[in-house]
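J.: Got a file for you: work36.json, JSON, C-alpha atoms.
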[["chain", "number", "residue", "atom", "x", "y", "z"],
["A", 66, "MET", "CA", 7.54, 31.50, -5.89],
["A", 67, "ALA", "CA", 8.40, 30.52, -9.43],
["A", 68, "THR", "CA", 7.99, 26.83, -8.61],
["A", 69, "ALA", "CA", 4.60, 27.34, -6.97],
["A", 70, "ALA", "CA", 3.36, 29.31, -9.97],
["A", 71, "VAL", "CA", 3.61, 26.33, -12.32],
["A", 72, "LEU", "CA", 1.92, 23.84, -9.98],
["A", 73, "ALA", "CA", -1.74, 22.87, -10.26],
["A", 74, "PRO", "CA", -3.75, 24.08, -7.23],
["A", 75, "ARG", "CA", -3.27, 20.96, -5.12],
["A", 76, "ASP", "CA", -0.13, 19.46, -6.62],
["A", 77, "VAL", "CA", 2.26, 19.17, -3.69],
["A", 78, "PRO", "CA", 6.02, 19.76, -3.74],
["A", 79, "THR", "CA", 7.45, 17.49, -1.07],
["A", 80, "THR", "CA", 10.26, 15.06, -0.27],
["A", 81, "LEU", "CA", 10.04, 11.28, -0.53],
["A", 82, "ASN", "CA", 12.38, 8.89, 1.22],
["A", 83, "TYR", "CA", 13.89, 6.37, -1.19],
["A", 84, "TYR", "CA", 16.26, 3.50, -0.40],
["A", 85, "THR", "CA", 19.97, 3.60, 0.21],
["A", 86, "PRO", "CA", 21.95, 0.73, 1.78],
["A", 87, "ILE", "CA", 23.38, 0.68, 5.30],
["A", 88, "GLY", "CA", 26.36, -1.61, 5.68],
["A", 89, "ASP", "CA", 27.20, -4.67, 3.60],
["A", 90, "GLU", "CA", 24.47, -7.08, 4.70],
["A", 91, "ALA", "CA", 21.61, -7.76, 2.29],
["A", 92, "PRO", "CA", 18.56, -5.56, 3.08],
["A", 93, "TYR", "CA", 16.36, -6.86, 5.89],
["A", 94, "GLN", "CA", 13.60, -5.74, 8.24],
["A", 95, "TYR", "CA", 12.25, -7.48, 11.34],
["A", 96, "VAL", "CA", 8.46, -7.43, 11.64],
["A", 97, "TYR", "CA", 8.66, -7.66, 15.43],
["A", 98, "ASP", "CA", 11.53, -7.20, 17.89],
["A", 99, "PRO", "CA", 14.92, -8.19, 16.45],
["A", 100, "PRO", "CA", 17.34, -10.55, 18.25],
["A", 101, "ALA", "CA", 19.58, -9.02, 20.88],
["A", 102, "GLY", "CA", 22.28, -6.88, 19.34],
["A", 103, "LYS", "CA", 20.55, -6.71, 15.94],
["A", 104, "GLU", "CA", 19.13, -3.53, 14.42],
["A", 105, "PRO", "CA", 15.43, -3.64, 13.45],
["A", 106, "HIS", "CA", 16.41, -3.02, 9.81],
["A", 107, "ASN", "CA", 19.27, -1.80, 7.65],
["A", 108, "LEU", "CA", 17.24, 0.32, 5.24],
["A", 109, "GLY", "CA", 18.82, 3.72, 4.76],
["A", 110, "SER", "CA", 16.91, 6.82, 3.69],
["A", 111, "ASP", "CA", 17.71, 8.72, 0.50],
["A", 112, "PRO", "CA", 15.39, 11.79, 0.43],
["A", 113, "HIS", "CA", 14.59, 13.42, -2.90],
["A", 114, "PRO", "CA", 12.33, 16.34, -3.84],
["A", 115, "VAL", "CA", 9.31, 15.37, -5.94],
["A", 116, "VAL", "CA", 5.95, 16.82, -6.92],
["A", 117, "VAL", "CA", 2.94, 14.65, -6.04],
["A", 118, "ARG", "CA", 0.19, 15.46, -8.52],
["A", 119, "ASP", "CA", -3.47, 15.68, -7.58],
["A", 120, "ALA", "CA", -5.51, 12.97, -9.28],
["A", 121, "ARG", "CA", -8.72, 14.98, -8.79],
["A", 122, "VAL", "CA", -8.24, 16.35, -12.29],
["A", 123, "ASN", "CA", -8.62, 12.90, -13.90],
["A", 124, "GLU", "CA", -9.12, 10.28, -11.19],
["A", 125, "SER", "CA", -11.30, 7.98, -13.34],
["A", 126, "ASP", "CA", -8.45, 7.57, -15.84],
["A", 127, "PHE", "CA", -6.33, 5.47, -13.48],
["A", 128, "THR", "CA", -6.74, 1.68, -13.51],
["A", 129, "LEU", "CA", -5.10, -1.21, -11.73],
["A", 130, "ASP", "CA", -3.88, -2.84, -14.92],
["A", 131, "LYS", "CA", -2.60, 0.34, -16.59],
["A", 132, "ASN", "CA", -1.18, 2.33, -13.67],
["A", 133, "GLY", "CA", -1.08, -0.13, -10.76],
["A", 134, "PHE", "CA", -3.64, 1.80, -8.71],
["A", 135, "GLN", "CA", -7.25, 2.90, -8.95],
["A", 136, "PHE", "CA", -9.63, 5.20, -7.07],
["A", 137, "VAL", "CA", -13.19, 3.99, -6.35],
["A", 138, "LYS", "CA", -16.20, 5.28, -4.45],
["A", 139, "HIS", "CA", -17.57, 3.12, -1.64],
["A", 140, "VAL", "CA", -19.57, 3.97, 1.50],
["A", 141, "SER", "CA", -18.80, 1.52, 4.30],
["A", 142, "GLN", "CA", -21.18, 0.37, 7.03],
["A", 143, "GLU", "CA", -18.22, 0.38, 9.39],
["A", 144, "LYS", "CA", -17.31, 3.83, 10.69],
["A", 145, "ASP", "CA", -15.11, 3.48, 13.77],
["A", 146, "PHE", "CA", -12.67, 0.66, 12.93],
["A", 147, "VAL", "CA", -11.76, -0.02, 16.56],
["A", 148, "ASP", "CA", -13.07, -3.59, 16.96],
["A", 149, "ASP", "CA", -10.94, -6.12, 15.06],
["A", 150, "GLU", "CA", -13.64, -8.80, 15.11],
["A", 151, "LYS", "CA", -16.23, -6.40, 13.71],
["A", 152, "ILE", "CA", -13.77, -5.31, 11.03],
["A", 153, "LYS", "CA", -13.31, -8.94, 10.02],
["A", 154, "ASP", "CA", -17.03, -9.76, 10.17],
["A", 155, "VAL", "CA", -18.37, -6.64, 8.45],
["A", 156, "TYR", "CA", -15.65, -4.75, 6.61],
["A", 157, "TYR", "CA", -13.87, -7.74, 5.11],
["A", 158, "LYS", "CA", -17.08, -8.68, 3.30],
["A", 159, "GLU", "CA", -17.26, -5.17, 1.86],
["A", 160, "VAL", "CA", -13.66, -5.40, 0.70],
["A", 161, "GLU", "CA", -14.40, -8.69, -1.04],
["A", 162, "GLU", "CA", -17.30, -7.08, -2.88],
["A", 163, "ILE", "CA", -15.14, -4.11, -3.92],
["A", 164, "LEU", "CA", -12.53, -6.48, -5.35],
["A", 165, "ARG", "CA", -15.13, -8.59, -7.16],
["A", 166, "LYS", "CA", -16.68, -5.50, -8.70],
["A", 167, "GLU", "CA", -13.63, -3.38, -9.46],
["A", 168, "ALA", "CA", -10.93, -6.01, -10.05],
["A", 169, "GLY", "CA", -13.01, -8.86, -11.46],
["A", 170, "ALA", "CA", -12.03, -11.22, -8.65],
["A", 171, "LYS", "CA", -13.55, -14.70, -8.55],
["A", 172, "ARG", "CA", -12.01, -15.62, -5.21],
["A", 173, "VAL", "CA", -10.66, -13.30, -2.50],
["A", 174, "PHE", "CA", -8.63, -14.26, 0.55],
["A", 175, "ILE", "CA", -7.92, -11.41, 3.00],
["A", 176, "PHE", "CA", -4.79, -12.17, 5.00],
["A", 177, "ASP", "CA", -4.39, -9.06, 7.17],
["A", 178, "HIS", "CA", -5.23, -5.44, 7.81],
["A", 179, "THR", "CA", -3.45, -2.49, 9.39],
["A", 180, "ILE", "CA", -4.99, 0.54, 11.06],
["A", 181, "ARG", "CA", -2.93, 3.72, 11.09],
["A", 182, "ARG", "CA", -3.84, 6.43, 13.58],
["A", 183, "PRO", "CA", -2.06, 8.51, 16.21],
["A", 184, "ARG", "CA", -0.93, 6.28, 19.06],
["A", 185, "SER", "CA", -2.39, 8.66, 21.61],
["A", 186, "GLU", "CA", -5.90, 7.81, 20.47],
["A", 187, "LYS", "CA", -7.94, 4.63, 20.97],
["A", 188, "ASP", "CA", -5.79, 1.77, 22.16],
["A", 189, "PRO", "CA", -2.40, 3.48, 21.99],
["A", 190, "ALA", "CA", -0.57, 0.22, 22.62],
["A", 191, "GLY", "CA", -2.48, -1.68, 19.95],
["A", 192, "PRO", "CA", -0.18, -3.63, 17.62],
["A", 193, "THR", "CA", -2.15, -2.63, 14.51],
["A", 194, "ASN", "CA", -2.07, 1.08, 15.35],
["A", 195, "ARG", "CA", 0.90, 2.38, 13.40],
["A", 196, "GLY", "CA", 1.79, 5.74, 11.96],
["A", 197, "PRO", "CA", 1.98, 6.39, 8.21],
["A", 198, "VAL", "CA", 4.97, 4.82, 6.47],
["A", 199, "GLN", "CA", 7.08, 7.67, 5.08],
["A", 200, "ARG", "CA", 9.32, 5.48, 2.95],
["A", 201, "VAL", "CA", 8.82, 4.43, -0.67],
["A", 202, "HIS", "CA", 8.05, 0.71, -0.71],
["A", 203, "ILE", "CA", 5.97, -2.13, -2.13],
["A", 204, "ASP", "CA", 4.33, -4.59, 0.26],
["A", 205, "GLN", "CA", 5.48, -7.82, -1.43],
["A", 206, "THR", "CA", 8.18, -9.12, -3.73],
["A", 207, "TYR", "CA", 7.21, -11.39, -6.61],
["A", 208, "GLU", "CA", 8.56, -14.47, -4.83],
["A", 209, "ALA", "CA", 6.98, -13.59, -1.49],
["A", 210, "SER", "CA", 3.60, -13.11, -3.15],
["A", 211, "ILE", "CA", 3.52, -16.67, -4.45],
["A", 212, "LYS", "CA", 4.76, -17.94, -1.10],
["A", 213, "ARG", "CA", 1.77, -16.22, 0.52],
["A", 214, "VAL", "CA", -0.57, -18.40, -1.52],
["A", 215, "TYR", "CA", 1.12, -21.51, -0.15],
["A", 216, "HIS", "CA", 1.26, -20.08, 3.38],
["A", 217, "HIS", "CA", -2.44, -19.25, 3.59],
["A", 218, "LEU", "CA", -4.11, -21.65, 1.15],
["A", 219, "LYS", "CA", -2.00, -24.77, 1.42],
["A", 220, "ASP", "CA", -4.45, -27.33, 0.03],
["A", 221, "ASP", "CA", -5.44, -25.21, -2.97],
["A", 222, "ALA", "CA", -2.14, -23.48, -3.68],
["A", 223, "ASP", "CA", -0.84, -25.72, -6.48],
["A", 224, "ARG", "CA", -4.06, -25.22, -8.40],
["A", 225, "LEU", "CA", -4.42, -21.50, -7.69],
["A", 226, "VAL", "CA", -0.92, -20.50, -8.82],
["A", 227, "LYS", "CA", -1.60, -22.00, -12.24],
["A", 228, "GLY", "CA", -4.00, -19.09, -12.83],
["A", 229, "ARG", "CA", -3.67, -15.37, -12.33],
["A", 230, "VAL", "CA", -2.65, -14.31, -8.80],
["A", 231, "ARG", "CA", -2.79, -10.76, -7.49],
["A", 232, "ILE", "CA", -2.25, -9.05, -4.17],
["A", 233, "ILE", "CA", -4.26, -5.86, -3.79],
["A", 234, "ASN", "CA", -4.16, -3.43, -0.88],
["A", 235, "VAL", "CA", -7.52, -1.73, -0.24],
["A", 236, "TRP", "CA", -6.81, 1.61, 1.47],
["A", 237, "ARG", "CA", -9.27, 4.14, 2.88],
["A", 238, "PRO", "CA", -9.31, 7.05, 5.33],
["A", 239, "ILE", "CA", -11.21, 6.74, 8.61],
["A", 240, "HIS", "CA", -13.48, 9.39, 10.19],
["A", 241, "HIS", "CA", -12.39, 12.46, 8.21],
["A", 242, "PRO", "CA", -10.64, 13.53, 5.00],
["A", 243, "VAL", "CA", -6.87, 13.15, 4.81],
["A", 244, "HIS", "CA", -4.96, 16.38, 5.36],
["A", 245, "HIS", "CA", -1.71, 15.26, 6.98],
["A", 246, "HIS", "CA", 0.53, 12.58, 5.44],
["A", 247, "PRO", "CA", -1.62, 11.65, 2.44],
["A", 248, "LEU", "CA", -0.89, 8.49, 0.46],
["A", 249, "ALA", "CA", 1.14, 8.86, -2.75],
["A", 250, "VAL", "CA", 1.13, 6.15, -5.43],
["A", 251, "SER", "CA", 3.55, 5.87, -8.34],
["A", 252, "ASP", "CA", 2.60, 5.04, -11.92],
["A", 253, "TRP", "CA", 3.86, 1.59, -12.93],
["A", 254, "ARG", "CA", 4.65, 2.81, -16.44],
["A", 255, "LYS", "CA", 7.41, 5.10, -15.13],
["A", 256, "LEU", "CA", 9.10, 2.38, -13.08],
["A", 257, "ASP", "CA", 12.35, 0.71, -14.14],
["A", 258, "THR", "CA", 11.92, -2.65, -12.44],
["A", 259, "GLN", "CA", 15.49, -3.77, -13.21],
["A", 260, "HIS", "CA", 17.02, -0.72, -11.52],
["A", 261, "ASP", "CA", 14.51, 0.63, -9.01],
["A", 262, "LEU", "CA", 13.37, -2.39, -6.97],
["A", 263, "VAL", "CA", 15.43, -3.63, -4.02],
["A", 264, "PRO", "CA", 14.30, -6.93, -2.40],
["A", 265, "VAL", "CA", 14.18, -6.78, 1.40],
["A", 266, "ARG", "CA", 13.98, -9.85, 3.64],
["A", 267, "PHE", "CA", 10.89, -9.33, 5.83],
["A", 268, "ILE", "CA", 11.61, -11.44, 8.88],
["A", 269, "TYR", "CA", 8.77, -12.91, 10.97],
["A", 270, "PRO", "CA", 9.40, -15.06, 14.06],
["A", 271, "ASP", "CA", 8.51, -18.22, 12.11],
["A", 272, "ARG", "CA", 9.25, -17.44, 8.46],
["A", 273, "VAL", "CA", 10.79, -14.98, 6.03],
["A", 274, "GLY", "CA", 8.77, -12.97, 3.53],
["A", 275, "GLY", "CA", 9.85, -10.17, 1.26],
["A", 276, "THR", "CA", 9.09, -6.56, 0.38],
["A", 277, "PHE", "CA", 10.59, -4.15, -2.12],
["A", 278, "SER", "CA", 12.32, -0.94, -1.18],
["A", 279, "VAL", "CA", 12.70, 1.50, -4.06],
["A", 280, "LYS", "CA", 15.70, 3.44, -5.36],
["A", 281, "TYR", "CA", 15.26, 6.97, -6.64],
["A", 282, "ASN", "CA", 14.48, 7.46, -10.29],
["A", 283, "PRO", "CA", 13.66, 10.95, -11.61],
["A", 284, "GLN", "CA", 11.24, 9.38, -14.10],
["A", 285, "HIS", "CA", 8.82, 8.30, -11.35],
["A", 286, "GLU", "CA", 5.41, 9.95, -11.56],
["A", 287, "TRP", "CA", 3.56, 10.40, -8.26],
["A", 288, "TRP", "CA", -0.17, 10.90, -7.62],
["A", 289, "TYR", "CA", -2.54, 11.29, -4.68],
["A", 290, "LEU", "CA", -6.23, 12.04, -4.20],
["A", 291, "GLY", "CA", -6.50, 15.50, -2.67],
["A", 292, "GLU", "CA", -8.37, 15.52, 0.66],
["A", 293, "GLN", "CA", -9.40, 11.89, 0.17],
["A", 294, "THR", "CA", -12.54, 11.09, 2.18],
["A", 295, "PRO", "CA", -13.68, 7.91, 4.00],
["A", 296, "GLU", "CA", -16.04, 7.28, 1.07],
["A", 297, "GLU", "CA", -13.10, 7.07, -1.36],
["A", 298, "VAL", "CA", -10.91, 3.98, -1.62],
["A", 299, "THR", "CA", -7.49, 3.56, -3.21],
["A", 300, "LEU", "CA", -6.75, 0.14, -4.68],
["A", 301, "ILE", "CA", -2.98, -0.50, -4.68],
["A", 302, "LYS", "CA", -1.65, -3.40, -6.70],
["A", 303, "CYS", "CA", 1.20, -5.08, -4.82],
["A", 304, "PHE", "CA", 1.62, -8.06, -7.14],
["A", 305, "ASP", "CA", 0.28, -9.47, -10.40],
["A", 306, "SER", "CA", 1.44, -12.76, -11.88],
["A", 307, "GLU", "CA", 0.49, -11.51, -15.36],
["A", 308, "GLU", "CA", 3.47, -9.77, -16.96],
["A", 309, "ASP", "CA", 1.75, -7.83, -19.76],
["A", 310, "ARG", "CA", 0.21, -5.17, -17.49],
["A", 311, "ALA", "CA", 0.98, -3.19, -14.34],
["A", 312, "ARG", "CA", 2.38, -5.62, -11.80],
["A", 313, "LEU", "CA", 2.79, -3.36, -8.73],
["A", 314, "THR", "CA", 3.01, 0.24, -7.60],
["A", 315, "PRO", "CA", 5.40, 1.95, -5.17],
["A", 316, "HIS", "CA", 3.68, 4.01, -2.51],
["A", 317, "SER", "CA", 4.46, 6.19, 0.49],
["A", 318, "ALA", "CA", 2.94, 8.69, 2.88],
["A", 319, "PHE", "CA", 4.25, 12.20, 2.34],
["A", 320, "LEU", "CA", 4.38, 15.56, 4.07],
["A", 321, "ASP", "CA", 2.05, 18.25, 2.73],
["A", 322, "VAL", "CA", 3.20, 21.52, 4.27],
["A", 323, "GLY", "CA", 0.07, 23.22, 2.91],
["A", 324, "SER", "CA", -2.21, 21.11, 5.11],
["A", 325, "PRO", "CA", -4.29, 23.05, 7.66],
["A", 326, "LYS", "CA", -2.33, 23.02, 10.90],
["A", 327, "ASP", "CA", -5.42, 22.40, 13.00],
["A", 328, "ALA", "CA", -6.75, 19.52, 10.85],
["A", 329, "PRO", "CA", -6.89, 16.10, 12.56],
["A", 330, "GLU", "CA", -4.08, 13.64, 11.99],
["A", 331, "ARG", "CA", -4.57, 10.95, 9.38],
["A", 332, "GLU", "CA", -6.45, 7.79, 10.28],
["A", 333, "SER", "CA", -6.65, 5.00, 7.74],
["A", 334, "ILE", "CA", -7.14, 1.28, 7.24],
["A", 335, "GLU", "CA", -5.50, -0.93, 4.63],
["A", 336, "VAL", "CA", -6.68, -4.45, 3.93],
["A", 337, "ARG", "CA", -4.42, -6.81, 1.99],
["A", 338, "ALA", "CA", -5.94, -9.56, -0.10],
["A", 339, "LEU", "CA", -4.95, -12.39, -2.39],
["A", 340, "VAL", "CA", -7.11, -12.16, -5.51],
["A", 341, "PHE", "CA", -7.72, -15.01, -7.95],
["A", 342, "ASP", "CA", -9.40, -14.93, -11.36],
["A", 343, "THR", "CA", -10.01, -18.62, -11.99],
["A", 344, "GLU", "CA", -12.56, -19.53, -9.30]]
Could you render the structure as structure tokens?
T.:
Amino acid sequence: MATAAVLAPRDVPTTLNYYTPIGDEAPYQYVYDPPAGKEPHNLGSDPHPVVVRDARVNESDFTLDKNGFQFVKHVSQEKDFVDDEKIKDVYYKEVEEILRKEAGAKRVFIFDHTIRRPRSEKDPAGPTNRGPVQRVHIDQTYEASIKRVYHHLKDDADRLVKGRVRIINVWRPIHHPVHHHPLAVSDWRKLDTQHDLVPVRFIYPDRVGGTFSVKYNPQHEWWYLGEQTPEEVTLIKCFDSEEDRARLTPHSAFLDVGSPKDAPERESIEVRALVFDTE
């Protein structure tokens, strides 16, 4: 009771799963099925209690370049998010406009999206229908981010990497406010990049990318947007080539035991984009 008494009304005491190694092999994760006899990953879980603070008290204060994340209002024409082609035709254009307006992008290249919803609903076998990731992570390493430019934009890559390059994840709820497994984002300014970030080989069938797992640091400061609605978007910076500002932000879904038990499970979409400032 003493702990609850000092919390703001919707600050959430919870547990986040940080990284710990398994075995001696360098950290890896297979995107699809691993080879026979190989584990899908060797990323151990190191749970730690944290308090995730509710950004409703000052949500306009957070910016991509200061904190590594930002909350923006945007009403989408797309409501269902069940047709991949419609998402690409309609929603991708909206995401581009959000990034031009809020991040000052001159050129945007969207390279993928992921829908997260319960597998029992709407195409339960769909490859993009995944549950919330309850592990602290960052979608790209620095090296993998630059490699993405060359992978997707081969002819223009040499020119583009001479300017500022960012990867931004545009995340929003679908259908209803988020009650279960909200998204927590961590303030860049509290991150010790030399200690906290663990590169992980992200193994595709035809290439190897990279993500960061994150080691526990009691200095980390966690935020979420309480009962975030489908008209509210979280911008998550996954990479910035500029070194004098926030370059990335750890993030994770988390358990909120105070959520209404009968509330629907979380549904969300995240769109990942390369963002350029020079053209």
J.: Give the answer as one residue: which of A:Glu167, A:Asp220, A:Asp252, A:Asp177 has the shortest atom-to-atom distance to Arg312 (chain A), using only C-alpha atoms?
T.: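 Once distances to Arg312 (chain A) are computed over only C-alpha atoms, the minimum belongs to A:Asp252.
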J.: Between A:His202, A:Arg121, A:Arg231, A:Lys103, single out the one closest to Glu308 (chain A), counting all atoms listed in the file.
T.: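 Nearest candidate to Glu308 (chain A) out of A:His202, A:Arg121, A:Arg231, A:Lys103: A:Arg231.
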J.: Between A:Phe146, A:Trp236, A:Phe134, A:Tyr157, which is the closest to Trp287 (chain A) once you count only C-alpha atoms?
T.: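 Among the listed residues, A:Phe134 lies closest to Trp287 (chain A).
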J.: What is the distance between CA of Gly274 (chain A) and CA of Pro183 (chain A), in Å to one decimal?
T.: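 Atom-to-atom, CA of Gly274 (chain A) to CA of Pro183 (chain A), that is 27.2 Å.
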J.: Write out as a PyMOL selection string which residues come within 9 Å of Tyr95 (chain A) when counting only C-alpha atoms, dropping same-chain ones fewer than 2 positions away.
T.: chain A and resi 93+97-99+104-106+266-270
J.: Hey, which of A:Glu124, A:Asp223, A:Asp145, A:Asp327 ends up closest to Ile180 (chain A)? Count all atoms listed in the file.
T.: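 For Ile180 (chain A), the nearest of the given residues is A:Asp145.
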J.: What does the distance between CA of Asp89 (chain A) and CA of Pro112 (chain A) come to in Å, to one decimal place?
T.: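 Atom-to-atom, CA of Asp89 (chain A) and CA of Pro112 (chain A) are spaced 20.5 Å apart.
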J.: If you measure from CA of Asn282 (chain A) to CA of Ser125 (chain A), what distance in Å do you get, rounded to one decimal?
T.: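 If I compute the distance from CA of Asn282 (chain A) to CA of Ser125 (chain A), I get 26.0 Å.
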J.: Here is a test: counting only C-alpha atoms, which residue of A:Leu313, A:Cys303, A:Val147, A:Val198 is nearest to Asp257 (chain A)?
T.: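 Using only C-alpha atoms, the shortest distance to Asp257 (chain A) belongs to A:Leu313.
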J.: Tell me which of A:Thr179, A:Ser306, A:Gln284, A:Asn132 sits closest to Arg195 (chain A), counting only C-alpha atoms.
T.: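 Nearest candidate to Arg195 (chain A) out of A:Thr179, A:Ser306, A:Gln284, A:Asn132: A:Thr179.
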J.: Quick one: everything within 12 Å of Val273 (chain A), counting all atoms listed in the file, minus sequence neighbours fewer than 6 positions away in the same chain. Send it as an MDAnalysis selection string.
T.: chainID A and resid 93:96 205:206 208:210 212:213 216 265:267
J.: Hey, can you pull every residue with an atom no more than 6 Å from (0.2, -4.7, -4.4), using all atoms listed in the file, and send it as a list of chain:residue names?
T.: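 It turns out the residues near that spot are A:Ile232, A:Ile233, A:Asn234, A:Ile301, A:Lys302, A:Cys303, A:Phe304, A:Leu313.
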J.: Output as JSON lines one row per residue of region 132-235 of chain A within 6 Å of region 314-318 of chain A: the closest atom pair and its distance in Å to one decimal place, counting all atoms listed in the file, sorted by chain and residue number ascending.
T.:
{"residue": "A:Gly133", "atom": "CA", "partner": "A:Thr314", "partner_atom": "CA", "distance": 5.2}
{"residue": "A:Pro197", "atom": "CA", "partner": "A:Ala318", "partner_atom": "CA", "distance": 5.9}
{"residue": "A:Val198", "atom": "CA", "partner": "A:Ala318", "partner_atom": "CA", "distance": 5.7}
{"residue": "A:Gln199", "atom": "CA", "partner": "A:Ala318", "partner_atom": "CA", "distance": 4.8}
{"residue": "A:Arg200", "atom": "CA", "partner": "A:Ser317", "partner_atom": "CA", "distance": 5.5}
{"residue": "A:Val201", "atom": "CA", "partner": "A:Ser317", "partner_atom": "CA", "distance": 4.8}
{"residue": "A:His202", "atom": "CA", "partner": "A:Pro315", "partner_atom": "CA", "distance": 5.3}
{"residue": "A:Ile203", "atom": "CA", "partner": "A:Pro315", "partner_atom": "CA", "distance": 5.1}
J.: Write out as a list of chain:residue names which residues come within 10 Å of Gly323 (chain A) when counting only C-alpha atoms, dropping same-chain ones fewer than 5 positions away.
T.: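 With the cut-off at 10 Å, the set is A:Arg75, A:Val77, A:Pro78, A:His244, A:His245.
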J.: Distance cut-off 10 Å, centre (-4.1, -7.7, 9.1) in file coordinates, counting only C-alpha atoms: which residues qualify? Return them as a VMD selection string.
T.: chain A and resid 149 153 175 to 180 193 334 to 338
